[in-house]
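The structure appears right after this line, and notes come after that.
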Amino acid sequence: MSLAELTDVVPGKRIIYIRKSVVTSALDYAKGNPSDEVVGVFRAYDEWPFQEFIPITNILEEKGGEYKVHPQEIMDAIKDTKIIKKDSNCDVMFFHTHPNWLAYPSMTDINEAAFQGYYSIYSIKYDEFNAFYFDGIMWKPRVLCVC
Ligand SMILES: [Zn+2]
């Protein structure tokens with residue numbers, strides 16, 4: 001089976017390609033604020049891999065167990081993307097951290113997901129980084145391939 005076939009399964013590609021340098025940027029940013037939930041966006045341009053990490057401010061006063069994104073920063077980060085134009089959702093992967101919990105979606109994450117698309121969660125406590133595709137109903141685990 002070709003790479004194109006493996007990754008072009010609807011709904012939601014099974015394998016997500018991401019550059020090692022942007023994973024390092026995101027995890028360094030997370031580890032620099034280990035007691036806060038930090039937030040960001042991975043961007044791809046035309047094709048995978050994801051090749052840019054854009055940190056987004058968590059505007060909550062108490063950042064230890066939740067986040068709320070800075071509305072202007074998130075719009076600036078995704079305004080020219082396919083996810084906004086509703087063409088595709090492959091050029092954005094949302095990122096946030098769980099300081100003291102597993103790298104799986106919390107009830108808040110499930111209830112408040114704004115977009116159908118790719119999400120990633122890094123657990124500071126367990127040093128685990130997982131990705132998911134949210135199809136509007138279910139959160140489906142995805143393989144992150146760091147390249
Ligand atoms: Zn969460």
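Residue names in the structure tokens use chain letters A, B, ... in the order shown, residue numbers from 1 in each chain, and ligand numbers from 1 in the order shown.
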Exercise: Tyr29 (chain A) partners within 8 Å, only C-alpha atoms, chain neighbours under 3 positions left out, as a compact mmCIF listing (two decimals) with C-alpha atoms, in the first residue's frame:
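The result, written out as around05.txt:
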# COMPACT_ATOMS: atom_id res chain seq x y z
CA SER A 25 9.50 23.56 20.02
CA ALA A 26 6.10 22.59 21.40
CA GLY A 32 8.88 25.69 30.34
CA ASN A 33 5.42 26.08 31.91
CA VAL A 38 -0.27 25.57 27.50
CA PRO A 55 2.12 29.20 20.78
*Could you give me the residues within region 8-80 of chain A that DSSP places in alpha helix (DSSP H), as a list in words?*
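Restricting region 8-80 of chain A to alpha helix (DSSP H) produces Lys20, Ser21, Val22, Val23, Thr24, Ser25, Ala26, Leu27, Asp28, Tyr29, Ala30, Lys31, Pro71, Gln72, Glu73, Ile74, Met75, Asp76, Ala77 and Ile78 of chain A.
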*May I ask you to write as a ChimeraX atom specification all residues lying at most 10 Å from ligand 1, with only C-alpha atoms and all ligand atoms counted?*
/A:37-39,65-67,95-99,101-110,112-113,119-123
Could the residues in this selection be saved with C-alpha atoms as a PDB file, in the first residue's frame?
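Everything below was put into result-v5.pdb:
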ATOM      1  CA  GLU A  37      -2.013  24.038  30.484  1.00  0.00           C
ATOM      2  CA  VAL A  38      -0.271  25.565  27.497  1.00  0.00           C
ATOM      3  CA  VAL A  39      -1.839  25.861  24.083  1.00  0.00           C
ATOM      4  CA  GLY A  65      -6.407  22.347  34.824  1.00  0.00           C
ATOM      5  CA  GLU A  66      -8.028  24.130  31.910  1.00  0.00           C
ATOM      6  CA  TYR A  67      -7.371  26.521  29.103  1.00  0.00           C
ATOM      7  CA  PHE A  95      -2.140  21.350  20.750  1.00  0.00           C
ATOM      8  CA  HIS A  96      -2.469  21.667  24.509  1.00  0.00           C
ATOM      9  CA  THR A  97      -0.897  20.133  27.573  1.00  0.00           C
ATOM     10  CA  HIS A  98      -2.107  18.260  30.629  1.00  0.00           C
ATOM     11  CA  PRO A  99       0.256  19.045  33.516  1.00  0.00           C
ATOM     12  CA  TRP A 101      -3.138  14.015  33.672  1.00  0.00           C
ATOM     13  CA  LEU A 102      -2.918  11.544  30.817  1.00  0.00           C
ATOM     14  CA  ALA A 103      -2.406  12.606  27.225  1.00  0.00           C
ATOM     15  CA  TYR A 104      -6.045  11.836  26.397  1.00  0.00           C
ATOM     16  CA  PRO A 105      -9.002  14.185  25.948  1.00  0.00           C
ATOM     17  CA  SER A 106     -10.654  15.316  29.167  1.00  0.00           C
ATOM     18  CA  MET A 107     -14.428  15.754  29.447  1.00  0.00           C
ATOM     19  CA  THR A 108     -13.850  19.479  28.903  1.00  0.00           C
ATOM     20  CA  ASP A 109     -11.864  18.783  25.733  1.00  0.00           C
ATOM     21  CA  ILE A 110     -14.658  16.541  24.457  1.00  0.00           C
ATOM     22  CA  GLU A 112     -15.727  22.085  24.032  1.00  0.00           C
ATOM     23  CA  ALA A 113     -13.995  20.992  20.833  1.00  0.00           C
ATOM     24  CA  TYR A 119      -5.859  17.598  18.087  1.00  0.00           C
ATOM     25  CA  SER A 120      -2.755  16.717  20.050  1.00  0.00           C
ATOM     26  CA  ILE A 121      -2.189  16.502  23.781  1.00  0.00           C
ATOM     27  CA  TYR A 122       1.076  16.345  25.669  1.00  0.00           C
ATOM     28  CA  SER A 123       1.122  15.049  29.246  1.00  0.00           C
TER      29      SER A 123
END
*What is the CA of Phe134 (chain A) to CA of Phe115 (chain A) distance in Å?*
7.9 Å
_Show me, as number ranges by chain, the residues that have an atom within 10 Å of Glu73 (chain A) when counting only C-alpha atoms, minus same-chain residues fewer than 5 positions from it._
A: 40, 54-57, 78-79
*asked:* Can you pull out the residues contacting Arg43 (chain A)? Cut-off 7 Å, using only C-alpha atoms, and skip same-chain residues under 3 positions away; I want them as a ChimeraX atom specification.
replied: /A:50-53,91-93
Could the residues in this selection be written to a file with N, CA and C atoms, as a PDB file, in the first residue's frame?
ATOM      1  N   PHE A  50       3.434  18.651   9.383  1.00  0.00           N
ATOM      2  CA  PHE A  50       3.294  19.896  10.119  1.00  0.00           C
ATOM      3  C   PHE A  50       4.686  20.461  10.320  1.00  0.00           C
ATOM      4  N   GLN A  51       4.828  21.760  10.045  1.00  0.00           N
ATOM      5  CA  GLN A  51       6.183  22.321  10.057  1.00  0.00           C
ATOM      6  C   GLN A  51       6.312  23.626  10.803  1.00  0.00           C
ATOM      7  N   GLU A  52       5.271  24.027  11.506  1.00  0.00           N
ATOM      8  CA  GLU A  52       5.401  25.233  12.326  1.00  0.00           C
ATOM      9  C   GLU A  52       4.594  25.045  13.600  1.00  0.00           C
ATOM     10  N   PHE A  53       5.136  25.548  14.713  1.00  0.00           N
ATOM     11  CA  PHE A  53       4.395  25.558  15.978  1.00  0.00           C
ATOM     12  C   PHE A  53       4.167  27.003  16.376  1.00  0.00           C
ATOM     13  N   ASP A  91      -4.440  21.056   7.571  1.00  0.00           N
ATOM     14  CA  ASP A  91      -3.334  22.003   7.727  1.00  0.00           C
ATOM     15  C   ASP A  91      -3.238  22.597   9.131  1.00  0.00           C
ATOM     16  N   VAL A  92      -4.082  22.131  10.036  1.00  0.00           N
ATOM     17  CA  VAL A  92      -4.051  22.609  11.416  1.00  0.00           C
ATOM     18  C   VAL A  92      -4.158  21.407  12.346  1.00  0.00           C
ATOM     19  N   MET A  93      -3.310  21.422  13.383  1.00  0.00           N
ATOM     20  CA  MET A  93      -3.499  20.461  14.483  1.00  0.00           C
ATOM     21  C   MET A  93      -3.386  21.253  15.781  1.00  0.00           C
TER      22      MET A  93
END
*Find, counting only C-alpha atoms, the residue in A:Ala114, A:Met138, A:Ala131, A:Ile83 that gets nearest to Tyr17 (chain A).*
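The shortest atom-to-atom distance to Tyr17 (chain A) comes from A:Ala131.
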_Distance in Å - CA of Gly64 (chain A) versus CA of Ile16 (chain A)_ =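 Value for the CA of Gly64 (chain A)-CA of Ile16 (chain A) distance: 28.0 Å.
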*asked:* Under the rule that only C-alpha atoms are counted, which of A:Ile74, A:Val143, A:Val69, A:Ile124 is the nearest residue to Ala30 (chain A)?
replied: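 Counting only C-alpha atoms, the residue closest to Ala30 (chain A) is A:Ile124.
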*Go ahead and compute the interatomic distance for CA of Ile84 (chain A) and CA of Tyr133 (chain A), in Å to one decimal.*
16.5 Å
Strand (DSSP E) per DSSP on the backbone: members of region 46-117 of chain A, as a PDB file with N, CA and C atoms, in the first residue's frame:
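Listing of part-v3.pdb after writing:
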ATOM      1  N   GLU A  47       0.990  20.609   2.185  1.00  0.00           N
ATOM      2  CA  GLU A  47       1.079  19.189   2.481  1.00  0.00           C
ATOM      3  C   GLU A  47       1.679  18.964   3.850  1.00  0.00           C
ATOM      4  N   TRP A  48       1.425  17.776   4.409  1.00  0.00           N
ATOM      5  CA  TRP A  48       2.129  17.401   5.628  1.00  0.00           C
ATOM      6  C   TRP A  48       3.592  17.203   5.294  1.00  0.00           C
ATOM      7  N   PRO A  49       4.524  17.274   6.171  1.00  0.00           N
ATOM      8  CA  PRO A  49       4.348  17.303   7.617  1.00  0.00           C
ATOM      9  C   PRO A  49       3.949  18.685   8.157  1.00  0.00           C
ATOM     10  N   PHE A  50       3.434  18.651   9.383  1.00  0.00           N
ATOM     11  CA  PHE A  50       3.294  19.896  10.119  1.00  0.00           C
ATOM     12  C   PHE A  50       4.686  20.461  10.320  1.00  0.00           C
ATOM     13  N   GLN A  51       4.828  21.760  10.045  1.00  0.00           N
ATOM     14  CA  GLN A  51       6.183  22.321  10.057  1.00  0.00           C
ATOM     15  C   GLN A  51       6.312  23.626  10.803  1.00  0.00           C
ATOM     16  N   GLU A  52       5.271  24.027  11.506  1.00  0.00           N
ATOM     17  CA  GLU A  52       5.401  25.233  12.326  1.00  0.00           C
ATOM     18  C   GLU A  52       4.594  25.045  13.600  1.00  0.00           C
ATOM     19  N   PHE A  53       5.136  25.548  14.713  1.00  0.00           N
ATOM     20  CA  PHE A  53       4.395  25.558  15.978  1.00  0.00           C
ATOM     21  C   PHE A  53       4.167  27.003  16.376  1.00  0.00           C
ATOM     22  N   ILE A  54       2.919  27.339  16.619  1.00  0.00           N
ATOM     23  CA  ILE A  54       2.556  28.711  17.015  1.00  0.00           C
ATOM     24  C   ILE A  54       1.961  28.662  18.419  1.00  0.00           C
ATOM     25  N   PRO A  55       2.679  29.178  19.424  1.00  0.00           N
ATOM     26  CA  PRO A  55       2.120  29.199  20.777  1.00  0.00           C
ATOM     27  C   PRO A  55       0.942  30.174  20.853  1.00  0.00           C
ATOM     28  N   ILE A  56      -0.046  29.809  21.626  1.00  0.00           N
ATOM     29  CA  ILE A  56      -1.238  30.652  21.825  1.00  0.00           C
ATOM     30  C   ILE A  56      -1.380  30.862  23.335  1.00  0.00           C
ATOM     31  N   VAL A  92      -4.082  22.131  10.036  1.00  0.00           N
ATOM     32  CA  VAL A  92      -4.051  22.609  11.416  1.00  0.00           C
ATOM     33  C   VAL A  92      -4.158  21.407  12.346  1.00  0.00           C
ATOM     34  N   MET A  93      -3.310  21.422  13.383  1.00  0.00           N
ATOM     35  CA  MET A  93      -3.499  20.461  14.483  1.00  0.00           C
ATOM     36  C   MET A  93      -3.386  21.253  15.781  1.00  0.00           C
ATOM     37  N   PHE A  94      -4.447  21.244  16.545  1.00  0.00           N
ATOM     38  CA  PHE A  94      -4.463  21.962  17.816  1.00  0.00           C
ATOM     39  C   PHE A  94      -3.639  21.192  18.848  1.00  0.00           C
ATOM     40  N   PHE A  95      -3.028  21.937  19.752  1.00  0.00           N
ATOM     41  CA  PHE A  95      -2.140  21.350  20.750  1.00  0.00           C
ATOM     42  C   PHE A  95      -2.443  21.959  22.112  1.00  0.00           C
ATOM     43  N   HIS A  96      -2.491  21.132  23.144  1.00  0.00           N
ATOM     44  CA  HIS A  96      -2.469  21.667  24.509  1.00  0.00           C
ATOM     45  C   HIS A  96      -1.855  20.620  25.427  1.00  0.00           C
ATOM     46  N   THR A  97      -1.559  21.045  26.644  1.00  0.00           N
ATOM     47  CA  THR A  97      -0.897  20.133  27.573  1.00  0.00           C
ATOM     48  C   THR A  97      -1.803  19.803  28.757  1.00  0.00           C
ATOM     49  N   HIS A  98      -1.496  18.670  29.364  1.00  0.00           N
ATOM     50  CA  HIS A  98      -2.107  18.260  30.629  1.00  0.00           C
ATOM     51  C   HIS A  98      -0.980  18.130  31.644  1.00  0.00           C
ATOM     52  N   GLY A 117     -11.453  17.954  13.411  1.00  0.00           N
ATOM     53  CA  GLY A 117     -10.091  17.962  12.897  1.00  0.00           C
ATOM     54  C   GLY A 117      -9.107  17.330  13.859  1.00  0.00           C
TER      55      GLY A 117
END
